[in-house]
file target_39.tsv (TSV, C-alpha atoms)
chain	number	residue	atom	x	y	z
Q	771	MET	CA	-1.09	-14.96	-77.47
Q	772	PHE	CA	-3.45	-12.18	-78.55
Q	773	ASP	CA	-4.12	-13.92	-81.86
Q	774	LEU	CA	-7.34	-12.84	-83.56
Q	775	THR	CA	-6.77	-14.38	-86.97
Q	776	GLY	CA	-10.02	-14.78	-88.86
Q	777	LYS	CA	-11.93	-12.16	-86.88
Q	778	ILE	CA	-13.51	-9.15	-88.57
Q	779	ALA	CA	-13.40	-5.79	-86.82
Q	780	LEU	CA	-15.32	-2.60	-87.52
Q	781	ILE	CA	-13.44	0.47	-86.31
Q	782	THR	CA	-15.18	3.83	-86.57
Q	783	GLY	CA	-13.17	7.02	-86.67
Q	784	ALA	CA	-10.22	5.12	-88.12
Q	785	THR	CA	-8.87	8.28	-89.75
Q	786	GLY	CA	-7.86	9.83	-86.42
Q	787	ALA	CA	-4.71	9.25	-84.38
Q	788	ILE	CA	-6.30	6.82	-81.93
Q	789	GLY	CA	-8.44	5.09	-84.56
Q	790	GLY	CA	-5.46	4.56	-86.83
Q	791	ALA	CA	-3.40	3.12	-83.98
Q	792	ILE	CA	-6.23	0.74	-83.07
Q	793	ALA	CA	-6.45	-0.40	-86.69
Q	794	ARG	CA	-2.71	-1.10	-86.84
Q	795	THR	CA	-2.74	-3.02	-83.55
Q	796	LEU	CA	-5.69	-5.24	-84.47
Q	797	HIS	CA	-4.23	-5.81	-87.93
Q	798	LYS	CA	-1.01	-7.12	-86.34
Q	799	MET	CA	-3.19	-9.52	-84.35
Q	800	GLY	CA	-4.51	-11.02	-87.59
Q	801	VAL	CA	-7.82	-9.20	-87.82
Q	802	THR	CA	-9.51	-8.33	-91.10
Q	803	LEU	CA	-10.42	-4.65	-90.83
Q	804	ALA	CA	-13.52	-2.76	-91.88
Q	805	VAL	CA	-12.49	0.82	-91.23
Q	806	SER	CA	-14.90	3.70	-91.29
Q	807	GLY	CA	-14.46	7.45	-91.37
Q	808	THR	CA	-15.40	10.62	-93.19
Q	809	ARG	CA	-11.92	11.49	-94.54
Q	810	VAL	CA	-11.58	9.12	-97.48
Q	811	ASP	CA	-7.98	10.15	-98.25
Q	812	ASN	CA	-6.89	9.12	-94.75
Q	813	LEU	CA	-8.67	5.79	-95.08
Q	814	GLU	CA	-6.96	5.14	-98.39
Q	815	ASN	CA	-3.55	5.96	-96.92
Q	816	LEU	CA	-4.20	3.53	-94.07
Q	817	ALA	CA	-5.13	0.81	-96.55
Q	818	LEU	CA	-1.97	1.45	-98.57
Q	819	GLU	CA	0.11	1.20	-95.40
Q	820	LEU	CA	-1.44	-2.07	-94.18
Q	821	LYS	CA	-1.68	-3.53	-97.72
Q	822	GLU	CA	-4.06	-6.43	-97.04
Q	823	ARG	CA	-7.09	-7.41	-95.01
Q	824	VAL	CA	-8.39	-3.82	-95.03
Q	825	HIS	CA	-11.76	-2.70	-96.38
Q	826	LEU	CA	-12.84	0.94	-96.48
Q	827	PHE	CA	-16.32	2.21	-95.68
Q	828	SER	CA	-16.99	5.92	-95.75
Q	829	CYS	CA	-19.78	6.76	-93.31
Q	830	ASN	CA	-21.14	9.98	-91.84
Q	831	LEU	CA	-22.20	8.95	-88.34
Q	832	SER	CA	-24.37	12.04	-87.96
Q	833	LEU	CA	-26.81	10.53	-90.46
Q	834	SER	CA	-28.90	7.75	-88.92
Q	835	ALA	CA	-29.64	6.18	-92.31
Q	836	ALA	CA	-25.92	5.92	-93.08
Q	837	VAL	CA	-25.26	4.32	-89.70
Q	838	GLU	CA	-28.03	1.77	-90.24
Q	839	GLU	CA	-26.53	0.83	-93.63
Q	840	LEU	CA	-22.94	0.47	-92.42
Q	841	VAL	CA	-23.04	-2.99	-90.83
Q	842	PRO	CA	-25.11	-4.60	-93.65
Q	843	ASN	CA	-22.64	-3.13	-96.17
Q	844	ILE	CA	-19.71	-4.62	-94.25
Q	845	GLU	CA	-21.42	-8.00	-93.96
Q	846	ARG	CA	-21.91	-8.15	-97.73
Q	847	VAL	CA	-18.21	-7.52	-98.35
Q	848	CYS	CA	-16.41	-9.05	-95.35
Q	849	GLY	CA	-18.82	-11.27	-93.44
Q	850	SER	CA	-20.11	-10.91	-89.89
Q	851	VAL	CA	-18.48	-8.34	-87.61
Q	852	SER	CA	-16.99	-10.08	-84.58
Q	853	ILE	CA	-15.26	-7.04	-83.04
Q	854	LEU	CA	-16.78	-3.55	-82.88
Q	855	VAL	CA	-14.70	-0.58	-81.78
Q	856	ASN	CA	-16.83	2.54	-81.41
Q	857	ASN	CA	-14.00	5.06	-81.58
Q	858	ALA	CA	-15.43	7.96	-83.61
Q	859	GLY	CA	-16.35	11.10	-81.73
Q	860	ILE	CA	-16.76	14.83	-82.18
Q	861	THR	CA	-16.72	17.88	-79.92
Q	862	ARG	CA	-18.79	21.05	-80.10
Q	863	ASP	CA	-17.53	22.89	-77.03
Q	864	SER	CA	-19.42	25.72	-75.38
Q	865	LEU	CA	-20.37	26.85	-71.91
Q	866	LEU	CA	-23.66	25.36	-70.73
Q	867	MET	CA	-25.58	28.64	-70.69
Q	868	ARG	CA	-24.47	29.44	-74.25
Q	869	MET	CA	-24.67	26.01	-75.85
Q	870	PRO	CA	-27.00	25.90	-78.87
Q	871	ASP	CA	-29.35	22.95	-79.23
Q	872	GLU	CA	-27.50	21.97	-82.39
Q	873	SER	CA	-24.16	21.62	-80.57
Q	874	TRP	CA	-25.80	19.41	-77.95
Q	875	GLN	CA	-27.57	17.23	-80.49
Q	876	ASP	CA	-24.63	16.89	-82.88
Q	877	VAL	CA	-22.41	15.42	-80.16
Q	878	ILE	CA	-25.12	13.15	-78.74
Q	879	THR	CA	-25.90	11.85	-82.24
Q	880	VAL	CA	-22.32	10.93	-83.18
Q	881	ASP	CA	-20.83	10.07	-79.78
Q	882	LEU	CA	-23.77	8.15	-78.27
Q	883	GLU	CA	-26.56	7.34	-80.71
Q	884	ALA	CA	-24.25	6.00	-83.43
Q	885	PRO	CA	-22.47	3.61	-81.02
Q	886	PHE	CA	-25.87	2.37	-79.80
Q	887	ARG	CA	-27.09	1.73	-83.35
Q	888	LEU	CA	-23.89	-0.10	-84.31
Q	889	MET	CA	-23.95	-2.19	-81.13
Q	890	ARG	CA	-27.53	-3.17	-81.88
Q	891	ALA	CA	-26.64	-4.11	-85.45
Q	892	VAL	CA	-23.56	-6.25	-84.74
Q	893	SER	CA	-25.02	-7.99	-81.69
Q	894	LYS	CA	-27.47	-10.02	-83.79
Q	895	ASN	CA	-24.80	-12.06	-85.56
Q	896	MET	CA	-22.56	-12.11	-82.50
Q	897	ILE	CA	-25.39	-13.82	-80.62
Q	898	LYS	CA	-25.79	-16.38	-83.39
Q	899	GLU	CA	-22.06	-17.08	-83.44
Q	900	ARG	CA	-21.75	-17.01	-79.64
Q	901	TRP	CA	-18.65	-14.79	-79.76
Q	902	GLY	CA	-18.11	-11.06	-79.87
Q	903	ARG	CA	-16.18	-8.09	-78.55
Q	904	ILE	CA	-17.66	-4.61	-78.29
Q	905	ILE	CA	-15.29	-1.87	-77.14
Q	906	ASN	CA	-16.53	1.68	-76.72
Q	907	ILE	CA	-13.98	4.50	-76.57
Q	908	SER	CA	-15.15	6.87	-73.87
Q	909	SER	CA	-13.03	9.58	-72.22
Q	910	ILE	CA	-11.69	10.79	-68.89
Q	911	VAL	CA	-14.13	13.68	-69.43
Q	912	GLY	CA	-17.01	11.24	-69.13
Q	913	ALA	CA	-15.76	10.25	-65.68
Q	914	VAL	CA	-14.76	13.59	-64.17
Q	915	GLY	CA	-16.41	16.25	-66.37
Q	916	ASN	CA	-14.83	19.30	-67.96
Q	917	PRO	CA	-16.00	22.93	-68.19
Q	918	GLY	CA	-17.31	23.79	-71.63
Q	919	GLN	CA	-18.00	20.16	-72.53
Q	920	THR	CA	-21.36	19.29	-71.00
Q	921	ASN	CA	-22.49	17.68	-74.27
Q	922	TYR	CA	-19.29	15.64	-74.73
Q	923	ALA	CA	-19.17	14.63	-71.05
Q	924	ALA	CA	-22.81	13.55	-71.14
Q	925	ALA	CA	-22.28	11.37	-74.22
Q	926	LYS	CA	-19.04	9.81	-72.99
Q	927	SER	CA	-20.46	9.17	-69.52
Q	928	ALA	CA	-23.54	7.57	-71.06
Q	929	LEU	CA	-21.29	5.07	-72.84
Q	930	PHE	CA	-20.40	3.65	-69.43
Q	931	GLY	CA	-24.02	2.83	-68.64
Q	932	LEU	CA	-24.78	1.67	-72.17
Q	933	SER	CA	-21.82	-0.72	-72.04
Q	934	LYS	CA	-22.70	-2.13	-68.62
Q	935	SER	CA	-26.31	-2.84	-69.57
Q	936	ALA	CA	-25.32	-4.40	-72.89
Q	937	ALA	CA	-22.65	-6.46	-71.12
Q	938	ALA	CA	-25.26	-7.90	-68.75
Q	939	GLU	CA	-27.56	-8.77	-71.66
Q	940	LEU	CA	-24.91	-10.38	-73.87
Q	941	ALA	CA	-22.57	-12.11	-71.43
Q	942	ALA	CA	-24.31	-15.49	-71.63
Q	943	ARG	CA	-23.56	-15.56	-75.36
Q	944	ASN	CA	-19.81	-15.14	-74.85
Q	945	ILE	CA	-19.94	-11.49	-75.92
Q	946	THR	CA	-18.03	-8.94	-73.87
Q	947	VAL	CA	-18.77	-5.21	-73.79
Q	948	ASN	CA	-16.21	-2.85	-72.30
Q	949	CYS	CA	-15.02	0.76	-72.43
Q	950	VAL	CA	-11.59	2.31	-72.75
Q	951	ALA	CA	-11.41	5.83	-71.34
Q	952	PRO	CA	-8.36	7.76	-72.59
Q	953	GLY	CA	-6.88	10.74	-70.84
Q	954	PHE	CA	-4.87	13.33	-72.78
Q	955	ILE	CA	-3.43	11.57	-75.83
Q	956	GLU	CA	-1.06	12.84	-78.52
Q	957	SER	CA	-3.16	14.02	-81.46
Q	958	PRO	CA	-3.35	16.97	-83.85
Q	959	MET	CA	-5.80	18.62	-81.42
Q	960	VAL	CA	-3.42	18.30	-78.46
Q	961	GLU	CA	-0.49	19.51	-80.60
Q	962	LYS	CA	-2.33	22.79	-81.16
Q	963	ILE	CA	-2.46	23.55	-77.41
Q	964	PRO	CA	-0.11	26.47	-76.59
Q	965	ALA	CA	3.11	25.35	-74.90
Q	966	VAL	CA	2.33	27.09	-71.62
Q	967	HIS	CA	-1.04	25.37	-71.33
Q	968	ARG	CA	0.38	22.01	-72.35
Q	969	GLU	CA	3.08	22.29	-69.68
Q	970	TYR	CA	0.42	22.98	-67.04
Q	971	MET	CA	-1.65	20.06	-68.33
Q	972	GLU	CA	1.29	17.66	-68.18
Q	973	LYS	CA	2.05	18.69	-64.60
Q	974	SER	CA	-1.45	17.57	-63.63
Q	975	ILE	CA	-0.67	14.04	-64.87
Q	976	PRO	CA	1.26	11.89	-62.34
Q	977	MET	CA	3.22	10.27	-65.17
Q	978	ALA	CA	4.15	13.80	-66.33
Q	979	ARG	CA	3.46	13.22	-70.00
Q	980	VAL	CA	0.69	12.97	-72.56
Q	981	GLY	CA	-0.24	9.45	-73.62
Q	982	LYS	CA	0.41	7.88	-77.01
Q	983	PRO	CA	-2.31	6.58	-79.35
Q	984	GLU	CA	-0.57	3.20	-79.32
Q	985	GLU	CA	-1.19	2.95	-75.57
Q	986	ILE	CA	-4.94	3.23	-76.15
Q	987	ALA	CA	-4.67	0.73	-79.00
Q	988	ALA	CA	-2.88	-1.75	-76.72
Q	989	ALA	CA	-5.78	-1.59	-74.25
Q	990	VAL	CA	-8.25	-2.21	-77.07
Q	991	GLY	CA	-6.18	-5.10	-78.39
Q	992	PHE	CA	-6.19	-6.76	-74.98
Q	993	LEU	CA	-9.94	-6.35	-74.46
Q	994	ALA	CA	-10.56	-7.78	-77.94
Q	995	SER	CA	-8.42	-10.84	-77.25
Q	996	ALA	CA	-9.40	-14.29	-76.02
Q	997	GLU	CA	-7.27	-13.61	-72.95
Q	998	ALA	CA	-9.80	-10.96	-71.86
Q	999	SER	CA	-12.78	-13.29	-72.20
Q	1000	TYR	CA	-13.76	-12.96	-68.51
Q	1001	ILE	CA	-13.77	-9.15	-68.49
Q	1002	THR	CA	-17.07	-7.44	-69.30
Q	1003	GLY	CA	-18.93	-4.34	-68.21
Q	1004	HIS	CA	-15.59	-2.77	-67.30
Q	1005	THR	CA	-14.03	0.61	-68.05
Q	1006	LEU	CA	-10.27	0.57	-68.49
Q	1007	HIS	CA	-8.92	4.04	-67.70
Q	1008	VAL	CA	-5.73	4.87	-69.60
Q	1009	ASN	CA	-4.77	8.32	-68.39
Q	1010	GLY	CA	-1.34	8.22	-66.74
Q	1011	GLY	CA	-2.91	8.47	-63.29
Q	1012	MET	CA	-4.68	11.76	-64.00
Q	1013	ALA	CA	-7.88	10.26	-62.59
Q	1014	MET	CA	-7.46	7.16	-60.45
Q	1015	ILE	CA	-10.90	5.58	-60.71
call {"tool": "encode", "arguments": {"input": "target_39.tsv", "output": "structure tokens"}}
result
Amino acid sequence: MFDLTGKIALITGATGAIGGAIARTLHKMGVTLAVSGTRVDNLENLALELKERVHLFSCNLSLSAAVEELVPNIERVCGSVSILVNNAGITRDSLLMRMPDESWQDVITVDLEAPFRLMRAVSKNMIKERWGRIINISSIVGAVGNPGQTNYAAAKSALFGLSKSAAAELAARNITVNCVAPGFIESPMVEKIPAVHREYMEKSIPMARVGKPEEIAAAVGFLASAEASYITGHTLHVNGGMAMI
């Protein structure tokens, strides 16, 4: 069950807490990993931990030329990508009336345009091979909004529509396209939240705790599996009941 031996997965943002957990989960399922990120030291540490079936690809997703080169580079080293996890994302928070154009564009470029470009690139071989899994990591913010994050919410919400349209186009070729939308998840960013604010935040979650990166990774592992072959165009919300959608 949940055996993906022989599959090749591209995971962006693999240097973060969620990305690293996704990499570990898919690796346990037998996947050969192509992990991407901007922090090379973190990528190297992940490779040392997993020891085998891991290939590192440094890529700055804010540069369209680098994004366009990523999949061909992976194909030359590993073969065709059969699982794409668009996990990388950035924030540039600001109130709407004060948000500079650059903060808007930076987030749209990394959080929306890069996933689109990578989906377009991997879909060609997935169509030929008549098998593929595309999983876009969105956010609870994309579903319910959040003050100070109009750029991030717009990008993460757009992933829902992008995934649904792609799912409709690719379904006949045995390719599924889904989203996972995390709520508040343990990460260095969440750890920096002052205790009083974190306590208030946790009280707003019915399960009364922040989620773990491994819980997001488990959702990704399921959607990547053969057992999820009849699920497409879906958003799996993993948020402890914070938003019951």
call {"tool": "atom_distance", "arguments": {"input": "target_39.tsv", "atom1": "atom CA of Q:Ser995", "atom2": "atom CA of Q:Phe772"}}
result
5.3 Å
call {"tool": "closest_atom_pairs", "arguments": {"input": "target_39.tsv", "of": "stretch 904-1004 of chain Q", "to": "stretch 879-899 of chain Q", "cutoff": "7 Å", "atoms": "all atoms listed in the file", "output": "JSON lines"}}
result
{"residue": "Q:Ala925", "atom": "CA", "partner": "Q:Leu882", "partner_atom": "CA", "distance": 5.4}
{"residue": "Q:Leu929", "atom": "CA", "partner": "Q:Leu882", "partner_atom": "CA", "distance": 6.7}
{"residue": "Q:Arg943", "atom": "CA", "partner": "Q:Ile897", "partner_atom": "CA", "distance": 5.8}
call {"tool": "atom_distance", "arguments": {"input": "target_39.tsv", "atom1": "atom CA of Q:Tyr922", "atom2": "atom CA of Q:Val877"}}
result
6.3 Å
call {"tool": "residues_near_point", "arguments": {"input": "target_39.tsv", "point": "(-19.9, 18.1, -75.3)", "cutoff": "12 Å", "atoms": "all atoms listed in the file", "output": "ChimeraX atom specification"}}
result
/Q:859-866,869-882,909,911-912,915-928
call {"tool": "write_last_selection", "arguments": {"input": "target_39.tsv", "atoms": "C-alpha atoms", "output": "CSV table (one decimal), in the coordinates of the input"}}
result
chain,number,residue,atom,x,y,z
Q,859,GLY,CA,-16.4,11.1,-81.7
Q,860,ILE,CA,-16.8,14.8,-82.2
Q,861,THR,CA,-16.7,17.9,-79.9
Q,862,ARG,CA,-18.8,21.0,-80.1
Q,863,ASP,CA,-17.5,22.9,-77.0
Q,864,SER,CA,-19.4,25.7,-75.4
Q,865,LEU,CA,-20.4,26.8,-71.9
Q,866,LEU,CA,-23.7,25.4,-70.7
Q,869,MET,CA,-24.7,26.0,-75.8
Q,870,PRO,CA,-27.0,25.9,-78.9
Q,871,ASP,CA,-29.4,23.0,-79.2
Q,872,GLU,CA,-27.5,22.0,-82.4
Q,873,SER,CA,-24.2,21.6,-80.6
Q,874,TRP,CA,-25.8,19.4,-78.0
Q,875,GLN,CA,-27.6,17.2,-80.5
Q,876,ASP,CA,-24.6,16.9,-82.9
Q,877,VAL,CA,-22.4,15.4,-80.2
Q,878,ILE,CA,-25.1,13.2,-78.7
Q,879,THR,CA,-25.9,11.8,-82.2
Q,880,VAL,CA,-22.3,10.9,-83.2
Q,881,ASP,CA,-20.8,10.1,-79.8
Q,882,LEU,CA,-23.8,8.2,-78.3
Q,909,SER,CA,-13.0,9.6,-72.2
Q,911,VAL,CA,-14.1,13.7,-69.4
Q,912,GLY,CA,-17.0,11.2,-69.1
Q,915,GLY,CA,-16.4,16.2,-66.4
Q,916,ASN,CA,-14.8,19.3,-68.0
Q,917,PRO,CA,-16.0,22.9,-68.2
Q,918,GLY,CA,-17.3,23.8,-71.6
Q,919,GLN,CA,-18.0,20.2,-72.5
Q,920,THR,CA,-21.4,19.3,-71.0
Q,921,ASN,CA,-22.5,17.7,-74.3
Q,922,TYR,CA,-19.3,15.6,-74.7
Q,923,ALA,CA,-19.2,14.6,-71.0
Q,924,ALA,CA,-22.8,13.6,-71.1
Q,925,ALA,CA,-22.3,11.4,-74.2
Q,926,LYS,CA,-19.0,9.8,-73.0
Q,927,SER,CA,-20.5,9.2,-69.5
Q,928,ALA,CA,-23.5,7.6,-71.1
call {"tool": "atom_distance", "arguments": {"input": "target_39.tsv", "atom1": "atom CA of Q:Gly800", "atom2": "atom CA of Q:Asn830"}}
result
27.1 Å
call {"tool": "closest_residue", "arguments": {"input": "target_39.tsv", "among": "Q:Ala787, Q:Ala913, Q:Ala936, Q:Leu803", "to": "Q:Val960", "atoms": "all atoms listed in the file"}}
result
Q:Ala787
call {"tool": "closest_residue", "arguments": {"input": "target_39.tsv", "among": "Q:Ile1001, Q:Ala779, Q:Ala994, Q:Ile788", "to": "Q:Ser957", "atoms": "all atoms listed in the file"}}
result
Q:Ile788
call {"tool": "build_atoms", "arguments": {"input": "target_39.tsv", "residues": "stretch 869-880 of chain Q", "atoms": "all heavy atoms", "output": "CSV table (one decimal), keeping the file's coordinate frame"}}
result
chain,number,residue,atom,x,y,z
Q,869,MET,N,-24.7,27.1,-74.9
Q,869,MET,CA,-24.7,26.0,-75.8
Q,869,MET,C,-25.9,26.0,-76.7
Q,869,MET,O,-27.0,25.8,-76.2
Q,869,MET,CB,-24.5,24.7,-75.1
Q,869,MET,CG,-24.3,23.5,-76.1
Q,869,MET,SD,-23.9,22.0,-75.3
Q,869,MET,CE,-22.2,22.3,-74.8
Q,870,PRO,N,-25.8,26.0,-78.0
Q,870,PRO,CA,-27.0,25.9,-78.9
Q,870,PRO,C,-27.5,24.5,-78.9
Q,870,PRO,O,-26.7,23.5,-78.7
Q,870,PRO,CB,-26.5,26.3,-80.3
Q,870,PRO,CG,-25.1,26.9,-80.0
Q,870,PRO,CD,-24.6,26.3,-78.8
Q,871,ASP,N,-28.8,24.3,-79.1
Q,871,ASP,CA,-29.4,23.0,-79.2
Q,871,ASP,C,-28.6,22.1,-80.2
Q,871,ASP,O,-28.4,20.9,-80.1
Q,871,ASP,CB,-30.8,23.0,-79.6
Q,871,ASP,CG,-31.7,23.5,-78.5
Q,871,ASP,OD1,-31.2,23.7,-77.4
Q,871,ASP,OD2,-32.9,23.8,-78.8
Q,872,GLU,N,-28.2,22.7,-81.3
Q,872,GLU,CA,-27.5,22.0,-82.4
Q,872,GLU,C,-26.2,21.4,-81.9
Q,872,GLU,O,-25.8,20.2,-82.3
Q,872,GLU,CB,-27.2,22.9,-83.6
Q,872,GLU,CG,-28.5,23.3,-84.3
Q,872,GLU,CD,-29.2,24.5,-83.6
Q,872,GLU,OE1,-28.6,25.0,-82.6
Q,872,GLU,OE2,-30.3,24.9,-84.1
Q,873,SER,N,-25.4,22.1,-81.1
Q,873,SER,CA,-24.2,21.6,-80.6
Q,873,SER,C,-24.4,20.4,-79.6
Q,873,SER,O,-23.6,19.5,-79.6
Q,873,SER,CB,-23.4,22.7,-79.8
Q,873,SER,OG,-23.1,23.8,-80.7
Q,874,TRP,N,-25.4,20.5,-78.8
Q,874,TRP,CA,-25.8,19.4,-78.0
Q,874,TRP,C,-26.1,18.2,-78.8
Q,874,TRP,O,-25.6,17.1,-78.6
Q,874,TRP,CB,-27.0,19.8,-77.0
Q,874,TRP,CG,-27.5,18.6,-76.3
Q,874,TRP,CD1,-28.6,17.8,-76.7
Q,874,TRP,CD2,-27.1,18.1,-75.0
Q,874,TRP,NE1,-28.8,16.9,-75.7
Q,874,TRP,CE2,-27.9,17.0,-74.7
Q,874,TRP,CE3,-26.1,18.5,-74.1
Q,874,TRP,CZ2,-27.7,16.3,-73.5
Q,874,TRP,CZ3,-25.9,17.8,-73.0
Q,874,TRP,CH2,-26.7,16.7,-72.7
Q,875,GLN,N,-27.1,18.4,-79.7
Q,875,GLN,CA,-27.6,17.2,-80.5
Q,875,GLN,C,-26.5,16.6,-81.4
Q,875,GLN,O,-26.5,15.4,-81.5
Q,875,GLN,CB,-28.8,17.6,-81.3
Q,875,GLN,CG,-29.5,16.4,-81.9
Q,875,GLN,CD,-30.0,15.5,-80.8
Q,875,GLN,OE1,-30.7,15.9,-79.9
Q,875,GLN,NE2,-29.6,14.2,-80.9
Q,876,ASP,N,-25.7,17.4,-82.0
Q,876,ASP,CA,-24.6,16.9,-82.9
Q,876,ASP,C,-23.7,15.9,-82.1
Q,876,ASP,O,-23.4,14.8,-82.7
Q,876,ASP,CB,-23.8,18.0,-83.4
Q,876,ASP,CG,-24.5,18.8,-84.5
Q,876,ASP,OD1,-25.6,18.4,-84.9
Q,876,ASP,OD2,-24.0,19.9,-84.9
Q,877,VAL,N,-23.3,16.3,-80.9
Q,877,VAL,CA,-22.4,15.4,-80.2
Q,877,VAL,C,-23.1,14.2,-79.7
Q,877,VAL,O,-22.6,13.1,-79.7
Q,877,VAL,CB,-21.8,16.2,-79.0
Q,877,VAL,CG1,-21.1,15.3,-78.0
Q,877,VAL,CG2,-20.9,17.3,-79.5
Q,878,ILE,N,-24.4,14.3,-79.2
Q,878,ILE,CA,-25.1,13.2,-78.7
Q,878,ILE,C,-25.3,12.2,-79.9
Q,878,ILE,O,-25.2,11.0,-79.7
Q,878,ILE,CB,-26.5,13.6,-78.1
Q,878,ILE,CG1,-26.2,14.4,-76.9
Q,878,ILE,CG2,-27.3,12.4,-77.8
Q,878,ILE,CD1,-25.5,13.7,-75.7
Q,879,THR,N,-25.6,12.7,-81.1
Q,879,THR,CA,-25.9,11.8,-82.2
Q,879,THR,C,-24.7,11.0,-82.6
Q,879,THR,O,-24.8,9.8,-82.8
Q,879,THR,CB,-26.3,12.7,-83.4
Q,879,THR,OG1,-27.6,13.4,-83.1
Q,879,THR,CG2,-26.5,11.9,-84.7
Q,880,VAL,N,-23.5,11.6,-82.7
Q,880,VAL,CA,-22.3,10.9,-83.2
Q,880,VAL,C,-21.7,10.1,-82.1
Q,880,VAL,O,-21.3,9.0,-82.3
Q,880,VAL,CB,-21.3,11.9,-83.8
Q,880,VAL,CG1,-20.0,11.2,-84.1
Q,880,VAL,CG2,-21.9,12.6,-85.0
